[in-house]
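S.K.: Below is a structure I'd like to ask you about.
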Amino acid sequence: MLSYLLFTLTIGGIYALLALSLNLIWGGVGMVNLGLAGFFAVGAYATAIVTGAGAPVIVGLGSALLASAIVGLLVTYGTLRLRGDYLAIVTLGLAEVIRLIALNERWLTNGADGMSGIVAPLRSTVGSQAFNLGYLVFVSAVVILMWLLLRRLDHSPFGRAMKAVREDQELAGFAGKPVLRLKLQAFALSAAVAGLAGALYGHFQSYISPDHFQPLITIYIFLAVSAGGVGRPAGAVIGAYAVVAFLEGTRFVAELLPGVDPLQAAALREMLVGAALLLILHLRPQGLLPERIQPARKTRP
Amino acid sequence: MKLTRRQTLASLGLAAGAGLLPRLALSQDAGAFRIGALNPVTGAGGPYGTGMQKMILAAAEAVNAAGGAGGRMLEIFAEDTQTQPQAAVLAAKKLIDVNKVQAILGTWSSGVSLAVIPLTNEAGIPLFHCSGAPALSVPPANEKKLGYRFQATNDRFGRAFAEIAKKEGFKRPATMAFNNASGIGNTEGFTRAWTAMGGEVVASVVYEPAQPSYRAELQKILDAKPDVIVTGSYLADTTIILREWYQTGEETKWIIPAWAANPELVKALGPAVVEGIISVDSISNEGSPAFAAYDAAYQKAIGKSGLGNVYAAMAWDMVTVLALAMEAAGPGADASAINAKMRDVANPDGTKVSSFAEGKAALKNGKINYEGASSILDFDEFGDVTPDFAASFIRNGEIKREYQVKL
């Protein structure tokens with residue numbers, strides 16, 4: 001049981017990083033990124049390839065950050081004129097493109113067979129129990145660090161400018177905010193965070209394949225951020241843990257329902273996820289922890 | 001209705017907690033041998049997963065009815081992989097750590113099996129799967145020799161395709177593969193074996209799953225004027241491809257794996273379209289008593305012929321052979337002791353048996369050789385089954401086996 005909890009919490013932490021990434025770009029700048037799974041994949045593959053070639057894990061994590069940030073920049077350049085729904089569709093397509101590259105460029109990614117045997121740092125020396133615990137601590141520390149960082153960012157002039165772009169891009173530009181640069185920086189940063197999550201996932205699981213990066217994960221993260229509260233890092237983190245707890249909790253709940261066999265339970269779980277999203281949007285559209293808008297500083301007359 | 005933040009948080013917390021609490025109250029039967037049925041109930045494997053899970057339950061029932069294995073009753077814990085590695089890993093972790101299962105049975109797609117096997121290796125328990133990817137035979141995936149494959153590897157399937165193409169006198173084969181480890185494994189195995197025989201593949205295409213039409217891919221293949229098209233495909237896509245091919249009016253032959261070219265395909269397309277298609281399968285023991293027992297259980301649970309779902313037959317065999325290994329290892333044996341007996345109860349040199357009850361009785365008098373419902377079920381050193389293959393031809397809507405291929 002303990003090991004299962006450690007495992008679930010680690011996955012929760014990785015989802016929390018993804019939620020922070022989405023919250024930054026969606027809640028911050030208002031750009032809907034449905035391609036989250038793609039950046040997640042770029043990070044995972046980057047570190048798998050680099051550490052597979054013999055580099056230490058820390059270099060792998062660094063290259064995951066770098067690779068996904070670069071892809072993020074490219075995407076923003078390519079979609080400058082797109083906003084709202086149009087951007088969402090393009091980013092959804094982008095995630096598929098990345099998955100298809102991973103599936104077809106077999107010299108690099110080993111295709112559909114996936115990459116197995118990704119280094120799990122220190123696992124062989126400390127044993128798998130200690131590794132699982134240590135990794136949970138590490139991932140949680142990264143989540144806390146990232147949360148503090150992004151919270152700081154939200155309250156900084158950069159964060160305020162970001163939200164100005166979200167509310168009205170033209171007005172922000174008119175007020176002298178560098179809209180394009182802001183978008184590029186925010187998207188690259190958000191992509192890097194998603195890439196980091198991917199890298200952490202890869203080293204934890206030791207196996208990745210294109211099947212891992214289907215759009216389903218993006219949907220879960222949207223559920224997390226909507227539930228937690230768009231525009232507030234703490235909300236995103238709590239939302240992500242809540243989603244993982246909910247997904248895993250439904251396993252046990254479905255088992256206890258009388259007259260439901262495991263096959264029906266499997267279908268029921270998927271329905272519950274959909275119902276949860278509907279309920280949240282209906283009862284609490286602003287999420288558990290809604291965004292706090294700081295009042296403008298009073299100026300003396 | 002208006003919920004405060006506090007109320008919402010509290011109810012969410014309660015919902016999560018409620019999942020865990022009653023588990024603690026339910027004490028599990030200490031004497032039972034716990035098995036995880038980890039099957040693709042939803043997702044791409046959905047058409048097969050339901051049958052697999054029901055057959056695992058049915059086979060376990062048969063074992064328990066015969067008095068259990070090695071003095072223990074089997075208890076099944078079922079989970080859904082969603083045909084998705086991420087979801088499967090969490091489900092496997094739950095089975096191993098919460099339910100304390102001592103074996104996991106019935107993962108289907110290669111991606112899922114490759115993702116789950118590090119966990120079963122870490123726990124030191126066997127994983128029985130029906131995935132085709134060659135990577136599952138060797139380290140790192142199978143470094144502990146706890147993985148058993150109940151399906152012929154895709155590479156072997158490909159070699160069988162090549163033998164059949166040669167025997168039928170084809171000169172210009174082309175290949176079409178579903179883009180996953182299994183589909184590509186089939187056609188690549190074919191290409192390797194065919195070129196080793198000095199032949200040439202005139203065209204090949206790998207297509208993306210879940211398309212409404214495969215016209216473009218098909219046209220690319222037909223432009224090369226092949227005399228036969230070899231596929232690594234599944235039922236849904238094969239149905240669309242063949243319908244579109246029939247509309248073009250081209251005279252090409254097809255060699256298709258039997259999990260796609262099955263009675264369901266004939267039913268979906270009608271006899272005219274599928275006339276002359278060569279369906280290749282690893283010889284399942286259709287005439288055998290094991291198959292009859294499986295088929296009866298499948299009819300009872302699903303209401304259809306067991307022939308339509310080869311993976312369910314494999315799932316049936318998984319439970320039976322595991323139970324026989326438990327029986328051979330004796331009371332209280334742990335996973336590694338049971339693992340050591342796998343080949344002893346399934347491979348030749350021994351009394352041939354076709355059910356758990358029969359095997360349990362025969363084990364008292366010496367070695368046994370379980371001949372399964374899905375194949376004769378002999379494992380090689382990698383834990384792979386090494387079946388013979390058969391070529392069946394579809395004529396007038398009937399799938400008739402014509403000859404065997406030995407590799």
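The chains in the structure tokens are called A, B, ... from first to last as shown; in each chain the residues are counted from 1, and the ligands are counted from 1 in the order shown.
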If you count only C-alpha atoms, which residues fall within 12 Å of Gln299 of chain B, apart from same-chain ones fewer than 6 positions away, as a count of residues only?
M.R.: 13
S.K.: Would you mind writing down, as an MDAnalysis selection string, each residue of segment 209-301 of chain A that DSSP on the backbone assigns to alpha helix (DSSP H)?
M.R.: chainID A and resid 216:228 233:256 262:283
S.K.: Restrict the selected residues to C-alpha atoms and save them as an mmCIF file, in the first residue's frame.
M.R.:
data_model
loop_
_atom_site.group_PDB
_atom_site.id
_atom_site.type_symbol
_atom_site.label_atom_id
_atom_site.label_comp_id
_atom_site.auth_asym_id
_atom_site.auth_seq_id
_atom_site.Cartn_x
_atom_site.Cartn_y
_atom_site.Cartn_z
ATOM 1 C CA LEU A 216 -5.760 12.013 -22.925
ATOM 2 C CA ILE A 217 -3.085 13.419 -20.637
ATOM 3 C CA THR A 218 -3.763 16.943 -21.888
ATOM 4 C CA ILE A 219 -7.428 16.470 -21.042
ATOM 5 C CA TYR A 220 -6.565 15.365 -17.509
ATOM 6 C CA ILE A 221 -4.405 18.447 -17.016
ATOM 7 C CA PHE A 222 -7.160 20.730 -18.300
ATOM 8 C CA LEU A 223 -9.454 19.046 -15.826
ATOM 9 C CA ALA A 224 -6.861 19.681 -13.103
ATOM 10 C CA VAL A 225 -6.400 23.357 -13.890
ATOM 11 C CA SER A 226 -10.146 23.972 -14.305
ATOM 12 C CA ALA A 227 -10.832 22.255 -11.002
ATOM 13 C CA GLY A 228 -8.060 24.036 -9.181
ATOM 14 C CA PRO A 233 -0.454 28.380 -9.381
ATOM 15 C CA ALA A 234 -1.639 26.957 -6.047
ATOM 16 C CA GLY A 235 -4.944 26.058 -7.661
ATOM 17 C CA ALA A 236 -3.193 24.238 -10.493
ATOM 18 C CA VAL A 237 -1.063 22.194 -8.091
ATOM 19 C CA ILE A 238 -3.995 21.258 -5.867
ATOM 20 C CA GLY A 239 -6.114 20.512 -8.919
ATOM 21 C CA ALA A 240 -3.490 18.112 -10.274
ATOM 22 C CA TYR A 241 -3.224 16.156 -7.024
ATOM 23 C CA ALA A 242 -7.014 16.121 -6.764
ATOM 24 C CA VAL A 243 -7.348 14.717 -10.282
ATOM 25 C CA VAL A 244 -4.858 11.925 -9.591
ATOM 26 C CA ALA A 245 -6.572 11.165 -6.272
ATOM 27 C CA PHE A 246 -9.915 11.146 -8.045
ATOM 28 C CA LEU A 247 -8.714 8.897 -10.891
ATOM 29 C CA GLU A 248 -7.191 6.422 -8.470
ATOM 30 C CA GLY A 249 -10.018 6.749 -5.956
ATOM 31 C CA THR A 250 -12.580 5.733 -8.557
ATOM 32 C CA ARG A 251 -10.833 2.354 -8.822
ATOM 33 C CA PHE A 252 -11.692 1.581 -5.221
ATOM 34 C CA VAL A 253 -15.132 3.139 -5.260
ATOM 35 C CA ALA A 254 -16.119 1.158 -8.341
ATOM 36 C CA GLU A 255 -14.958 -2.049 -6.656
ATOM 37 C CA LEU A 256 -17.270 -1.440 -3.725
ATOM 38 C CA PRO A 262 -14.934 -5.130 -13.095
ATOM 39 C CA LEU A 263 -15.813 -4.672 -16.762
ATOM 40 C CA GLN A 264 -18.653 -2.315 -15.957
ATOM 41 C CA ALA A 265 -16.459 -0.608 -13.391
ATOM 42 C CA ALA A 266 -13.898 0.199 -16.087
ATOM 43 C CA ALA A 267 -16.531 1.915 -18.194
ATOM 44 C CA LEU A 268 -18.002 3.590 -15.127
ATOM 45 C CA ARG A 269 -14.657 5.143 -14.234
ATOM 46 C CA GLU A 270 -14.443 6.909 -17.565
ATOM 47 C CA MET A 271 -17.977 8.202 -17.115
ATOM 48 C CA LEU A 272 -17.120 9.485 -13.644
ATOM 49 C CA VAL A 273 -14.216 11.510 -15.030
ATOM 50 C CA GLY A 274 -16.521 13.174 -17.541
ATOM 51 C CA ALA A 275 -19.194 13.752 -14.913
ATOM 52 C CA ALA A 276 -16.648 15.310 -12.565
ATOM 53 C CA LEU A 277 -15.586 17.825 -15.199
ATOM 54 C CA LEU A 278 -19.216 18.746 -15.863
ATOM 55 C CA LEU A 279 -19.971 19.102 -12.161
ATOM 56 C CA ILE A 280 -16.982 21.335 -11.548
ATOM 57 C CA LEU A 281 -17.837 23.573 -14.464
ATOM 58 C CA HIS A 282 -21.422 23.754 -13.299
ATOM 59 C CA LEU A 283 -20.964 24.231 -9.559
#
S.K.: From the set B:Ala357, B:Ala260, B:Ala335, B:Leu119, which residue has the shortest atom-to-atom contact distance to Tyr48 of chain B, counting only C-alpha atoms?
M.R.: B:Ala260
S.K.: Got a sec to pull out which chain B residues are within 7 Å of chain A, counting only C-alpha atoms, and send them as a ChimeraX atom specification?
M.R.: /B:5,16,19-20,41,50,78-80,84-86,93-94,97-98,111,115,140,180-181
S.K.: Would you pick out the contacts of segment 95-99 of chain A at 8 Å or less, using only C-alpha atoms, so that residues sharing its chain but fewer than 4 positions from it are not included, and give the list as number ranges by chain?
M.R.: A: 34-39, 41-42, 91, 103, 210, 213-215
